[in-house]
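Participant: I'm passing along input_9.tsv; it holds TSV, C-alpha atoms.
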```
chain	number	residue	atom	x	y	z
V	1	MET	CA	-14.31	-47.77	-4.13
V	2	TRP	CA	-14.24	-51.04	-2.24
V	3	ARG	CA	-12.18	-54.07	-3.09
V	4	LEU	CA	-13.83	-57.45	-2.87
V	5	ALA	CA	-12.11	-60.72	-3.75
V	6	GLY	CA	-9.29	-58.78	-5.38
V	7	ARG	CA	-11.49	-56.67	-7.66
V	8	PRO	CA	-12.56	-53.03	-7.17
V	9	ARG	CA	-16.33	-53.08	-6.87
V	10	ARG	CA	-19.17	-52.69	-4.41
V	11	PRO	CA	-19.98	-55.71	-2.25
V	12	GLY	CA	-22.11	-58.30	-3.99
V	13	LEU	CA	-25.52	-59.45	-2.87
V	14	GLY	CA	-24.18	-63.00	-2.62
V	15	LEU	CA	-22.35	-62.08	0.58
V	16	GLY	CA	-25.59	-61.60	2.49
V	17	PHE	CA	-26.21	-57.95	1.76
V	18	ARG	CA	-29.58	-56.66	0.62
V	19	ALA	CA	-30.16	-53.88	-1.85
V	20	ALA	CA	-32.43	-51.10	-0.60
V	21	SER	CA	-34.68	-49.15	-2.94
V	22	THR	CA	-32.12	-46.33	-2.88
V	23	GLY	CA	-29.42	-48.66	-4.20
V	24	ALA	CA	-27.57	-48.66	-0.86
V	25	MET	CA	-26.55	-51.96	0.70
V	26	THR	CA	-28.25	-53.03	3.93
V	27	CYS	CA	-27.92	-55.79	6.52
V	28	ARG	CA	-29.51	-56.97	9.76
V	29	ALA	CA	-28.50	-54.99	12.85
V	30	VAL	CA	-29.50	-54.38	16.46
V	31	VAL	CA	-30.53	-50.74	16.74
V	32	LEU	CA	-30.84	-48.51	19.80
V	33	PRO	CA	-33.53	-45.93	18.87
V	34	ARG	CA	-33.71	-44.43	22.38
V	35	PHE	CA	-32.13	-44.94	25.78
V	36	GLY	CA	-33.67	-47.38	28.25
V	37	GLY	CA	-33.76	-51.01	29.33
V	38	PRO	CA	-33.19	-54.11	27.20
V	39	GLU	CA	-36.68	-53.75	25.73
V	40	VAL	CA	-35.63	-50.73	23.64
V	41	LEU	CA	-33.22	-52.82	21.52
V	42	GLU	CA	-34.61	-53.58	18.06
V	43	VAL	CA	-33.38	-56.24	15.62
V	44	ARG	CA	-33.97	-54.59	12.25
V	45	PRO	CA	-33.63	-56.63	9.05
V	46	SER	CA	-32.49	-53.81	6.80
V	47	VAL	CA	-30.04	-51.20	8.13
V	48	GLU	CA	-27.85	-49.31	5.69
V	49	VAL	CA	-24.18	-50.26	5.42
V	50	PRO	CA	-22.13	-47.08	4.82
V	51	ASN	CA	-19.57	-46.88	2.03
V	52	LEU	CA	-16.09	-47.79	3.17
V	53	LYS	CA	-13.43	-45.14	3.61
V	54	PRO	CA	-9.98	-46.00	2.20
V	55	GLN	CA	-8.61	-47.35	5.49
V	56	GLU	CA	-11.73	-49.24	6.55
V	57	VAL	CA	-12.62	-52.95	6.50
V	58	LEU	CA	-16.06	-54.56	6.26
V	59	VAL	CA	-16.27	-57.54	8.61
V	60	ARG	CA	-18.89	-60.28	8.40
V	61	ALA	CA	-19.67	-60.83	12.10
V	62	ARG	CA	-19.63	-64.31	13.56
V	63	ALA	CA	-19.58	-63.34	17.24
V	64	VAL	CA	-19.66	-60.12	19.28
V	65	SER	CA	-19.31	-59.86	23.05
V	66	ILE	CA	-21.33	-57.73	25.42
V	67	ASN	CA	-19.24	-55.24	27.37
V	68	PRO	CA	-20.33	-53.19	30.42
V	69	LEU	CA	-20.04	-50.12	28.18
V	70	ASP	CA	-22.83	-51.51	25.96
V	71	LEU	CA	-25.20	-51.73	28.93
V	72	ARG	CA	-24.30	-48.25	30.15
V	73	MET	CA	-24.67	-46.67	26.71
V	74	ARG	CA	-28.06	-48.35	26.26
V	75	SER	CA	-29.15	-46.84	29.57
V	76	GLY	CA	-28.01	-43.33	28.64
V	77	TYR	CA	-24.36	-43.09	29.65
V	78	GLY	CA	-22.63	-40.67	27.30
V	79	ARG	CA	-25.95	-39.14	26.20
V	80	SER	CA	-24.29	-35.75	25.76
V	81	ILE	CA	-22.31	-37.34	22.91
V	82	PHE	CA	-24.70	-39.99	21.60
V	83	GLU	CA	-28.24	-38.60	21.99
V	84	PRO	CA	-27.99	-36.30	18.93
V	85	LEU	CA	-26.75	-39.33	16.93
V	86	LEU	CA	-29.59	-41.76	17.75
V	87	PRO	CA	-30.38	-44.36	16.53
V	88	LEU	CA	-27.12	-46.13	17.36
V	89	ILE	CA	-25.75	-49.62	16.88
V	90	LEU	CA	-24.13	-50.89	20.08
V	91	GLY	CA	-21.15	-53.22	20.33
V	92	ARG	CA	-17.36	-52.88	20.40
V	93	ASP	CA	-15.82	-56.37	20.11
V	94	ILE	CA	-16.09	-58.53	17.00
V	95	SER	CA	-14.76	-61.72	15.46
V	96	GLY	CA	-15.57	-62.64	11.88
V	97	GLU	CA	-14.29	-62.60	8.30
V	98	VAL	CA	-13.14	-59.82	5.99
V	99	ALA	CA	-15.92	-59.21	3.44
V	100	ALA	CA	-14.52	-56.11	1.73
V	101	PHE	CA	-11.93	-53.40	2.30
V	102	GLY	CA	-11.05	-49.86	1.34
V	103	SER	CA	-8.48	-48.85	-1.23
V	104	SER	CA	-5.74	-48.07	1.32
V	105	VAL	CA	-5.93	-51.35	3.23
V	106	SER	CA	-2.79	-53.43	2.70
V	107	SER	CA	-2.55	-56.00	5.51
V	108	LEU	CA	-5.86	-57.84	5.08
V	109	THR	CA	-7.70	-59.59	2.28
V	110	VAL	CA	-11.19	-60.98	1.71
V	111	GLY	CA	-11.99	-64.20	3.54
V	112	GLN	CA	-9.41	-63.86	6.30
V	113	GLU	CA	-10.66	-64.47	9.84
V	114	VAL	CA	-10.09	-61.42	12.03
V	115	PHE	CA	-10.97	-60.03	15.45
V	116	GLY	CA	-10.75	-56.58	16.94
V	117	ALA	CA	-12.60	-53.76	18.67
V	118	LEU	CA	-14.01	-50.32	17.95
V	119	HIS	CA	-13.25	-47.14	19.87
V	120	PRO	CA	-15.67	-46.41	22.78
V	121	THR	CA	-17.25	-43.46	20.95
V	122	ALA	CA	-18.02	-45.29	17.68
V	123	VAL	CA	-21.62	-44.70	16.57
V	124	ARG	CA	-22.03	-47.73	14.28
V	125	GLY	CA	-21.09	-50.62	16.52
V	126	THR	CA	-20.67	-54.34	15.95
V	127	TYR	CA	-24.16	-55.69	16.73
V	128	ALA	CA	-24.75	-56.19	13.01
V	129	ASP	CA	-24.22	-58.86	10.37
V	130	TYR	CA	-21.64	-56.51	8.82
V	131	ALA	CA	-19.52	-54.10	10.86
V	132	ILE	CA	-16.99	-51.51	9.75
V	133	LEU	CA	-13.65	-51.12	11.51
V	134	SER	CA	-10.43	-49.41	10.53
V	135	GLU	CA	-7.48	-51.57	9.53
V	136	ASP	CA	-5.59	-50.82	12.75
V	137	GLU	CA	-8.58	-51.97	14.83
V	138	LEU	CA	-8.31	-55.52	13.46
V	139	THR	CA	-5.83	-58.37	13.52
V	140	LEU	CA	-5.85	-61.95	12.27
V	141	LYS	CA	-7.71	-64.42	14.47
V	142	PRO	CA	-5.56	-67.36	15.55
V	143	PRO	CA	-6.92	-70.62	14.09
V	144	SER	CA	-6.76	-72.21	17.54
V	145	VAL	CA	-9.22	-69.66	18.95
V	146	THR	CA	-12.93	-69.85	18.08
V	147	HIS	CA	-14.94	-66.80	16.99
V	148	VAL	CA	-16.83	-66.89	20.30
V	149	GLU	CA	-13.59	-66.96	22.30
V	150	ALA	CA	-11.93	-64.28	20.15
V	151	SER	CA	-14.86	-61.88	20.41
V	152	ALA	CA	-14.49	-61.73	24.20
V	153	ILE	CA	-10.88	-60.57	24.14
V	154	PRO	CA	-9.99	-57.34	22.28
V	155	PHE	CA	-11.90	-54.48	23.98
V	156	ALA	CA	-11.03	-55.65	27.50
V	157	ALA	CA	-7.45	-56.52	26.59
V	158	LEU	CA	-6.83	-53.22	24.79
V	159	THR	CA	-8.25	-51.33	27.79
V	160	ALA	CA	-5.78	-53.13	30.03
V	161	TRP	CA	-2.98	-52.72	27.47
V	162	ARG	CA	-3.35	-48.94	27.35
V	163	ALA	CA	-3.21	-48.66	31.13
V	164	LEU	CA	-0.27	-51.00	31.63
V	165	LYS	CA	1.86	-50.41	28.57
V	166	SER	CA	1.04	-46.86	27.40
V	167	THR	CA	0.44	-45.19	30.78
V	168	ALA	CA	2.33	-47.12	33.49
V	169	ARG	CA	4.87	-48.60	31.05
V	170	ILE	CA	5.27	-51.72	33.17
V	171	SER	CA	8.46	-53.73	32.80
V	172	GLU	CA	9.88	-57.06	33.93
V	173	GLY	CA	10.27	-57.41	37.68
V	174	GLN	CA	7.72	-54.78	38.63
V	175	ARG	CA	4.66	-55.41	40.81
V	176	LEU	CA	1.05	-54.71	39.80
V	177	LEU	CA	-2.09	-54.59	41.96
V	178	VAL	CA	-5.41	-55.13	40.18
V	179	LEU	CA	-8.43	-54.05	42.21
V	180	GLY	CA	-11.30	-56.08	40.79
V	181	GLY	CA	-9.39	-58.77	38.89
V	182	GLY	CA	-12.34	-61.08	38.24
V	183	GLY	CA	-13.81	-59.12	35.33
V	184	ALA	CA	-12.64	-59.16	31.73
V	185	VAL	CA	-10.35	-56.11	32.00
V	186	GLY	CA	-8.90	-57.36	35.29
V	187	LEU	CA	-8.21	-60.83	33.89
V	188	ALA	CA	-6.62	-59.32	30.79
V	189	ALA	CA	-4.44	-57.07	32.96
V	190	ILE	CA	-3.24	-60.02	35.04
V	191	GLN	CA	-2.31	-62.05	31.96
V	192	LEU	CA	-0.62	-59.15	30.14
V	193	SER	CA	1.42	-58.33	33.25
V	194	VAL	CA	2.47	-61.93	33.82
V	195	ALA	CA	3.53	-62.15	30.16
V	196	ALA	CA	5.65	-59.03	30.72
V	197	GLY	CA	7.40	-60.66	33.69
V	198	CYS	CA	5.60	-58.76	36.43
V	199	GLY	CA	4.28	-60.02	39.74
V	200	VAL	CA	0.53	-59.51	40.23
V	201	SER	CA	-1.73	-59.34	43.26
V	202	THR	CA	-5.47	-58.85	42.91
V	203	THR	CA	-8.76	-58.52	44.73
V	204	CYS	CA	-11.92	-60.25	43.57
V	205	GLY	CA	-15.06	-62.02	44.74
V	206	SER	CA	-14.95	-65.57	46.09
V	207	LYS	CA	-16.21	-67.08	42.81
V	208	SER	CA	-13.27	-65.59	40.88
V	209	ILE	CA	-10.41	-66.71	43.14
V	210	ASP	CA	-9.53	-69.82	41.15
V	211	ARG	CA	-9.88	-67.96	37.85
V	212	VAL	CA	-7.46	-65.14	38.72
V	213	LEU	CA	-4.91	-67.58	40.19
V	214	GLU	CA	-5.12	-69.63	37.01
V	215	ALA	CA	-4.53	-66.41	35.05
V	216	GLY	CA	-1.23	-66.01	36.89
V	217	ALA	CA	-1.89	-63.83	39.95
V	218	GLU	CA	0.52	-64.52	42.81
V	219	GLN	CA	-2.00	-63.43	45.43
V	220	ALA	CA	-5.80	-63.27	45.25
V	221	VAL	CA	-7.71	-61.56	48.07
V	222	ASP	CA	-11.44	-62.19	48.49
V	223	TYR	CA	-12.64	-58.68	49.31
V	224	THR	CA	-15.99	-60.06	50.56
V	225	ALA	CA	-14.31	-62.12	53.29
V	226	GLU	CA	-10.97	-60.45	54.05
V	227	ASP	CA	-9.71	-57.02	55.03
V	228	THR	CA	-8.00	-56.00	51.80
V	229	GLU	CA	-5.59	-53.57	53.45
V	230	LEU	CA	-4.35	-56.22	55.88
V	231	ALA	CA	-4.26	-59.11	53.42
V	232	ILE	CA	-2.27	-57.45	50.63
V	233	LYS	CA	1.47	-57.42	51.23
V	234	GLY	CA	4.10	-54.96	50.04
V	235	GLN	CA	3.93	-52.00	47.71
V	236	PHE	CA	3.35	-51.78	43.98
V	237	ASP	CA	4.68	-49.97	40.93
V	238	ALA	CA	1.20	-49.68	39.40
V	239	VAL	CA	-2.42	-50.10	40.47
V	240	LEU	CA	-5.25	-50.73	38.03
V	241	ASP	CA	-8.61	-50.04	39.67
V	242	THR	CA	-11.45	-51.57	37.66
V	243	ILE	CA	-14.02	-50.68	40.35
V	244	GLY	CA	-13.23	-47.00	40.79
V	245	VAL	CA	-15.12	-46.04	43.94
V	246	PRO	CA	-13.62	-43.73	46.60
V	247	GLU	CA	-12.71	-46.66	48.86
V	248	THR	CA	-10.77	-48.57	46.18
V	249	GLU	CA	-9.09	-45.34	45.07
V	250	ARG	CA	-7.88	-44.71	48.62
V	251	ILE	CA	-6.66	-48.29	49.04
V	252	GLY	CA	-4.93	-48.38	45.68
V	253	ILE	CA	-3.09	-45.11	46.15
V	254	ASN	CA	-1.87	-46.10	49.61
V	255	PHE	CA	-0.31	-49.29	48.19
V	256	LEU	CA	1.74	-47.45	45.57
V	257	LYS	CA	5.46	-46.83	45.67
V	258	LYS	CA	6.74	-43.30	45.09
V	259	GLY	CA	6.54	-42.61	41.36
V	260	GLY	CA	3.92	-45.32	40.86
V	261	HIS	CA	0.83	-45.07	38.67
V	262	TYR	CA	-2.79	-45.29	39.83
V	263	MET	CA	-5.18	-45.90	36.93
V	264	THR	CA	-8.96	-46.10	37.20
V	265	LEU	CA	-11.44	-47.25	34.56
V	266	GLN	CA	-14.12	-45.03	36.09
V	267	GLY	CA	-13.03	-41.65	34.75
V	268	GLU	CA	-15.55	-38.86	35.14
V	269	ALA	CA	-15.40	-37.24	31.68
V	270	ALA	CA	-18.59	-38.75	30.26
V	271	SER	CA	-20.65	-38.49	33.44
V	272	VAL	CA	-19.70	-34.85	34.00
V	273	ALA	CA	-20.43	-34.05	30.35
V	274	ASP	CA	-23.83	-35.73	30.70
V	275	ARG	CA	-24.56	-33.61	33.76
V	276	TYR	CA	-23.51	-30.24	32.41
V	277	GLY	CA	-23.40	-30.70	28.62
V	278	LEU	CA	-20.32	-30.99	26.44
V	279	ALA	CA	-19.43	-27.29	26.39
V	280	ILE	CA	-19.17	-27.06	30.19
V	281	GLY	CA	-18.76	-30.70	31.12
V	282	LEU	CA	-15.54	-31.54	29.27
V	283	PRO	CA	-13.55	-28.54	30.62
V	284	THR	CA	-14.95	-29.29	34.08
V	285	ALA	CA	-13.88	-32.94	33.87
V	286	THR	CA	-10.42	-31.88	32.70
V	287	ALA	CA	-10.15	-29.57	35.71
V	288	ILE	CA	-11.24	-32.37	38.09
V	289	LEU	CA	-8.60	-34.71	36.67
V	290	LEU	CA	-5.87	-32.07	36.80
V	291	LYS	CA	-6.73	-31.22	40.41
V	292	LYS	CA	-6.46	-34.89	41.43
V	293	GLN	CA	-3.20	-35.32	39.54
V	294	ILE	CA	-1.63	-32.34	41.31
V	295	GLN	CA	-3.06	-33.38	44.68
V	296	TYR	CA	-1.70	-36.93	44.58
V	297	ARG	CA	1.61	-35.92	43.03
V	298	TYR	CA	2.31	-33.65	46.00
V	299	SER	CA	0.69	-35.70	48.79
V	300	HIS	CA	1.83	-39.19	47.73
V	301	GLY	CA	4.40	-38.71	44.98
V	302	ILE	CA	2.35	-40.81	42.53
V	303	GLU	CA	0.74	-40.34	39.12
V	304	TYR	CA	-3.07	-40.44	38.84
V	305	TRP	CA	-4.89	-41.32	35.59
V	306	TRP	CA	-8.29	-41.98	34.10
V	307	THR	CA	-7.76	-44.72	31.53
V	308	TYR	CA	-9.82	-45.67	28.48
V	309	MET	CA	-9.57	-48.14	25.63
V	310	ARG	CA	-8.13	-46.99	22.31
V	311	ALA	CA	-7.02	-48.72	19.14
V	312	ASP	CA	-3.37	-49.76	19.25
V	313	ALA	CA	-1.94	-51.86	16.44
V	314	GLU	CA	1.09	-52.89	18.50
V	315	GLY	CA	-1.10	-53.86	21.43
V	316	LEU	CA	-3.53	-55.79	19.24
V	317	ASP	CA	-0.63	-57.68	17.67
V	318	GLU	CA	0.67	-58.75	21.10
V	319	ILE	CA	-2.87	-59.67	22.15
V	320	ARG	CA	-3.11	-61.90	19.07
V	321	ARG	CA	0.25	-63.55	19.80
V	322	LEU	CA	-0.59	-64.19	23.45
V	323	SER	CA	-4.04	-65.53	22.53
V	324	GLU	CA	-2.48	-67.86	19.97
V	325	ALA	CA	-0.03	-69.13	22.58
V	326	GLY	CA	-2.85	-69.74	25.07
V	327	LYS	CA	-1.50	-67.06	27.43
V	328	LEU	CA	-4.45	-64.66	27.13
V	329	LYS	CA	-7.99	-65.96	27.58
V	330	ILE	CA	-11.25	-64.32	28.63
V	331	PRO	CA	-13.67	-67.11	29.59
V	332	VAL	CA	-17.12	-66.97	27.99
V	333	GLU	CA	-19.89	-68.01	30.35
V	334	LYS	CA	-22.93	-67.94	28.05
V	335	THR	CA	-23.86	-67.33	24.41
V	336	PHE	CA	-27.08	-66.09	22.80
V	337	PRO	CA	-28.12	-65.79	19.15
V	338	ILE	CA	-28.13	-62.16	18.01
V	339	THR	CA	-31.94	-62.37	17.74
V	340	LYS	CA	-32.05	-62.84	21.54
V	341	VAL	CA	-30.07	-59.68	22.28
V	342	ARG	CA	-32.74	-58.37	24.68
V	343	GLU	CA	-32.52	-61.54	26.77
V	344	ALA	CA	-28.72	-61.31	26.75
V	345	HIS	CA	-28.79	-57.72	28.02
V	346	GLU	CA	-31.40	-58.69	30.61
V	347	VAL	CA	-29.20	-61.38	32.19
V	348	LYS	CA	-26.27	-58.96	32.32
V	349	ASP	CA	-28.41	-56.18	33.80
V	350	ARG	CA	-29.71	-58.51	36.50
V	351	ARG	CA	-26.24	-60.01	37.06
V	352	LEU	CA	-27.57	-63.50	36.47
V	353	VAL	CA	-24.44	-64.28	34.44
V	354	PRO	CA	-21.36	-62.65	36.05
V	355	GLY	CA	-18.95	-63.70	33.28
V	356	LYS	CA	-18.69	-62.82	29.60
V	357	VAL	CA	-21.77	-63.11	27.40
V	358	VAL	CA	-21.35	-63.41	23.61
V	359	LEU	CA	-23.87	-62.89	20.81
V	360	GLU	CA	-23.54	-65.35	17.90
V	361	PHE	CA	-24.58	-64.83	14.29
V	362	ASP	CA	-26.05	-67.54	12.09
```
Output the file's structure as structure tokens, nothing else.
Facilitator:
Amino acid sequence: MWRLAGRPRRPGLGLGFRAASTGAMTCRAVVLPRFGGPEVLEVRPSVEVPNLKPQEVLVRARAVSINPLDLRMRSGYGRSIFEPLLPLILGRDISGEVAAFGSSVSSLTVGQEVFGALHPTAVRGTYADYAILSEDELTLKPPSVTHVEASAIPFAALTAWRALKSTARISEGQRLLVLGGGGAVGLAAIQLSVAAGCGVSTTCGSKSIDRVLEAGAEQAVDYTAEDTELAIKGQFDAVLDTIGVPETERIGINFLKKGGHYMTLQGEAASVADRYGLAIGLPTATAILLKKQIQYRYSHGIEYWWTYMRADAEGLDEIRRLSEAGKLKIPVEKTFPITKVREAHEVKDRRLVPGKVVLEFD
């Protein structure tokens, strides 16, 4: 049973739902029926809204941001997991209002403005008028932050949070190197580290130099114009590699102190599973990771990790507090109405808009 406006009942049609002939509630959503380019995305007017589980919250979307994962999933990344589940709804970030909630939800109520992010493997994403997230995947949106601004923050910030706080366990006075600091995860990592009292150096393209310095980086190296290995000074307690190619891996590991943590966003689990299938691919990926961990532990005395986003109530709460204080911002470069989702994916595919793109709902 769902609770809506304090009463146990199903959601009412007045909230923008439609009743299908089966009696199920439906809403508009962007559906991925098959893998491919932006042209495969379909805006469907009537997609079923599942019943809420006790710990789940129904969110009326006001804005959702486009993440690199959305583009990769649309193109077939993770097909070993997702292909049997097609059609999918893409999207991870969301900002909106609570429309209904399950019987076990205690921290939220109908009408509150919230923002949050789904796990990377969620099948029913946020590109829909109504999205479903668990209670611990949401937090209250600060009044000073718009829905568009809020929707750009949680997935990137939680990805950075897991690497820095759960894996490397950074603390005041330590030094962090972010390879590729101009993107959303890199910017979030810089701001989270500065808030924790850490010193941060980063690499980025020339167009991002001012942005990363404004975010709090002590040193910003333009990797297109400078020799990164000569320009960066000192050693670091942790390296977050948002690029994850062999060259950045080598550079990052060589800049680490003994006992430091190298963390890459480009883990091989999904790609290896896609290549060999889940049954063979996941054990193979685990073996690859273990081999690298042992290799670098003995050759360099450092810890090596693949890092992914996951829900973290503590992390989301700090992200909310920092956002409210103006200490955590992910700039939004362009917005599109949800009906123009193909055009939005097209500009990201062609790299016409390097910064964050957000889809808005009327």
Participant: Between atom CA of Arg124 of chain V and atom CA of Glu83 of chain V, what is the spacing in Å?
Facilitator: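 Straight-line distance from atom CA of Glu83 of chain V to atom CA of Arg124 of chain V works out to 13.5 Å.
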Participant: Which residues come within 9 Å of segment 331-346 of chain V, counting only C-alpha atoms, excluding same-chain residues fewer than 3 positions away, as a PyMOL selection string?
Facilitator: chain V and resi 29-30+37-43+63-66+70-71+127-128+148-149+152-153+184+349-362
Participant: Measuring between all atoms listed in the file, which one of V:Thr109, V:Ser171, V:Thr264, V:Thr159 shows the shortest distance to Cys198 of chain V?
Facilitator: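 Result for the nearest residue to Cys198 of chain V: V:Ser171.
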Participant: What's around Val200 of chain V at 12 Å? Count all atoms listed in the file, leave out sequence neighbours fewer than 4 positions away in its own chain, and write the answer as an NGL selection string.
Facilitator: :V and (170 or 172-179 or 181 or 186-196 or 212-213 or 215-221 or 232-240)
Participant: If you measure from atom CA of Gln112 of chain V to atom CA of Lys165 of chain V, what distance in Å do you get, rounded to one decimal?
Facilitator: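 Between these atoms lies a distance of 28.4 Å.
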Participant: Pick out the closest residue to Trp306 of chain V from this set: V:Glu97, V:Glu48, V:Asp210, V:Asp241. Count all atoms listed in the file.
Facilitator: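 Nearest to Trp306 of chain V: V:Asp241.
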Participant: Quick one: pull the distance between atom CA of Ala157 of chain V and atom CA of Ile319 of chain V, Å, one decimal.
Facilitator: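 Value for the atom CA of Ala157 of chain V-atom CA of Ile319 of chain V distance: 7.1 Å.
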Participant: Nearest to Lys329 of chain V among V:Ala270, V:Ile209, V:Leu290, V:Val185, with distances taken over only C-alpha atoms: which residue is it?
Facilitator: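 Between V:Ala270, V:Ile209, V:Leu290, V:Val185, the residue approaching Lys329 of chain V most closely is V:Val185.
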Participant: Give me the residues within 10 Å of Ser271 of chain V as a list in words, counting all atoms listed in the file and dropping any in the same chain fewer than 3 places off.
Facilitator: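 Contacts, with the query itself left out: Tyr77, Gly78, Arg79, Ser80, Gln266, Gly267, Glu268, Asp274, Arg275, Tyr276, Gly277, Gly281, Leu282 and Ala285 of chain V.
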Participant: Just the residues within 6 Å of Glu137 of chain V, please, counting all atoms listed in the file, with nothing from its chain fewer than 6 positions along; format it as a PyMOL selection string.
Facilitator: chain V and resi 116-117+311
Participant: Measuring atom to atom with all atoms listed in the file, identify which of V:Leu278, V:Ile243, V:Leu108, V:Ala231 is nearest to Glu56 of chain V.
Facilitator: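 Smallest distance to Glu56 of chain V is found for V:Leu108.
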Participant: Which residue is closest to Ala163 of chain V? Choose from V:Thr242, V:Leu322, V:Pro142, V:Pro84 and count only C-alpha atoms.
Facilitator: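 Looking only at the distances to Ala163 of chain V, the closest residue turns out to be V:Thr242.
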Participant: I need the residue nearest Glu135 of chain V from this list: V:Phe155, V:Phe82, V:Phe101, V:Tyr308. Use all atoms listed in the file for the distance.
Facilitator: V:Phe101
Participant: Edge lengths and centre in Å to one decimal, as AutoDock Vina command-line options, is what I'm after for the box along x, y and z that holds all listed atoms of segment 77-95 of chain V once 6 Å is added on each side.
Facilitator:
```
--center_x -22.6 --center_y -48.7 --center_z 22.6 --size_x 27.6 --size_y 38.0 --size_z 26.2
```
Participant: Might you pull out every residue within 9 Å of Lys207 of chain V, with only C-alpha atoms counted and same-chain residues fewer than 3 positions away left off, and present them as number ranges by chain?
Facilitator: V: 182, 204, 210-211, 222
Participant: Could you please give me, as JSON, numbers by chain, the residues of protein, DNA or RNA lying at most 12 Å from (-6.8, -55.4, 8.6) in the coordinate frame of the file, considering only C-alpha atoms?
Facilitator: {"V": [54, 55, 56, 57, 58, 59, 96, 97, 98, 99, 100, 101, 102, 103, 104, 105, 106, 107, 108, 109, 110, 111, 112, 113, 114, 115, 116, 117, 132, 133, 134, 135, 136, 137, 138, 139, 140, 141, 313, 316, 317]}
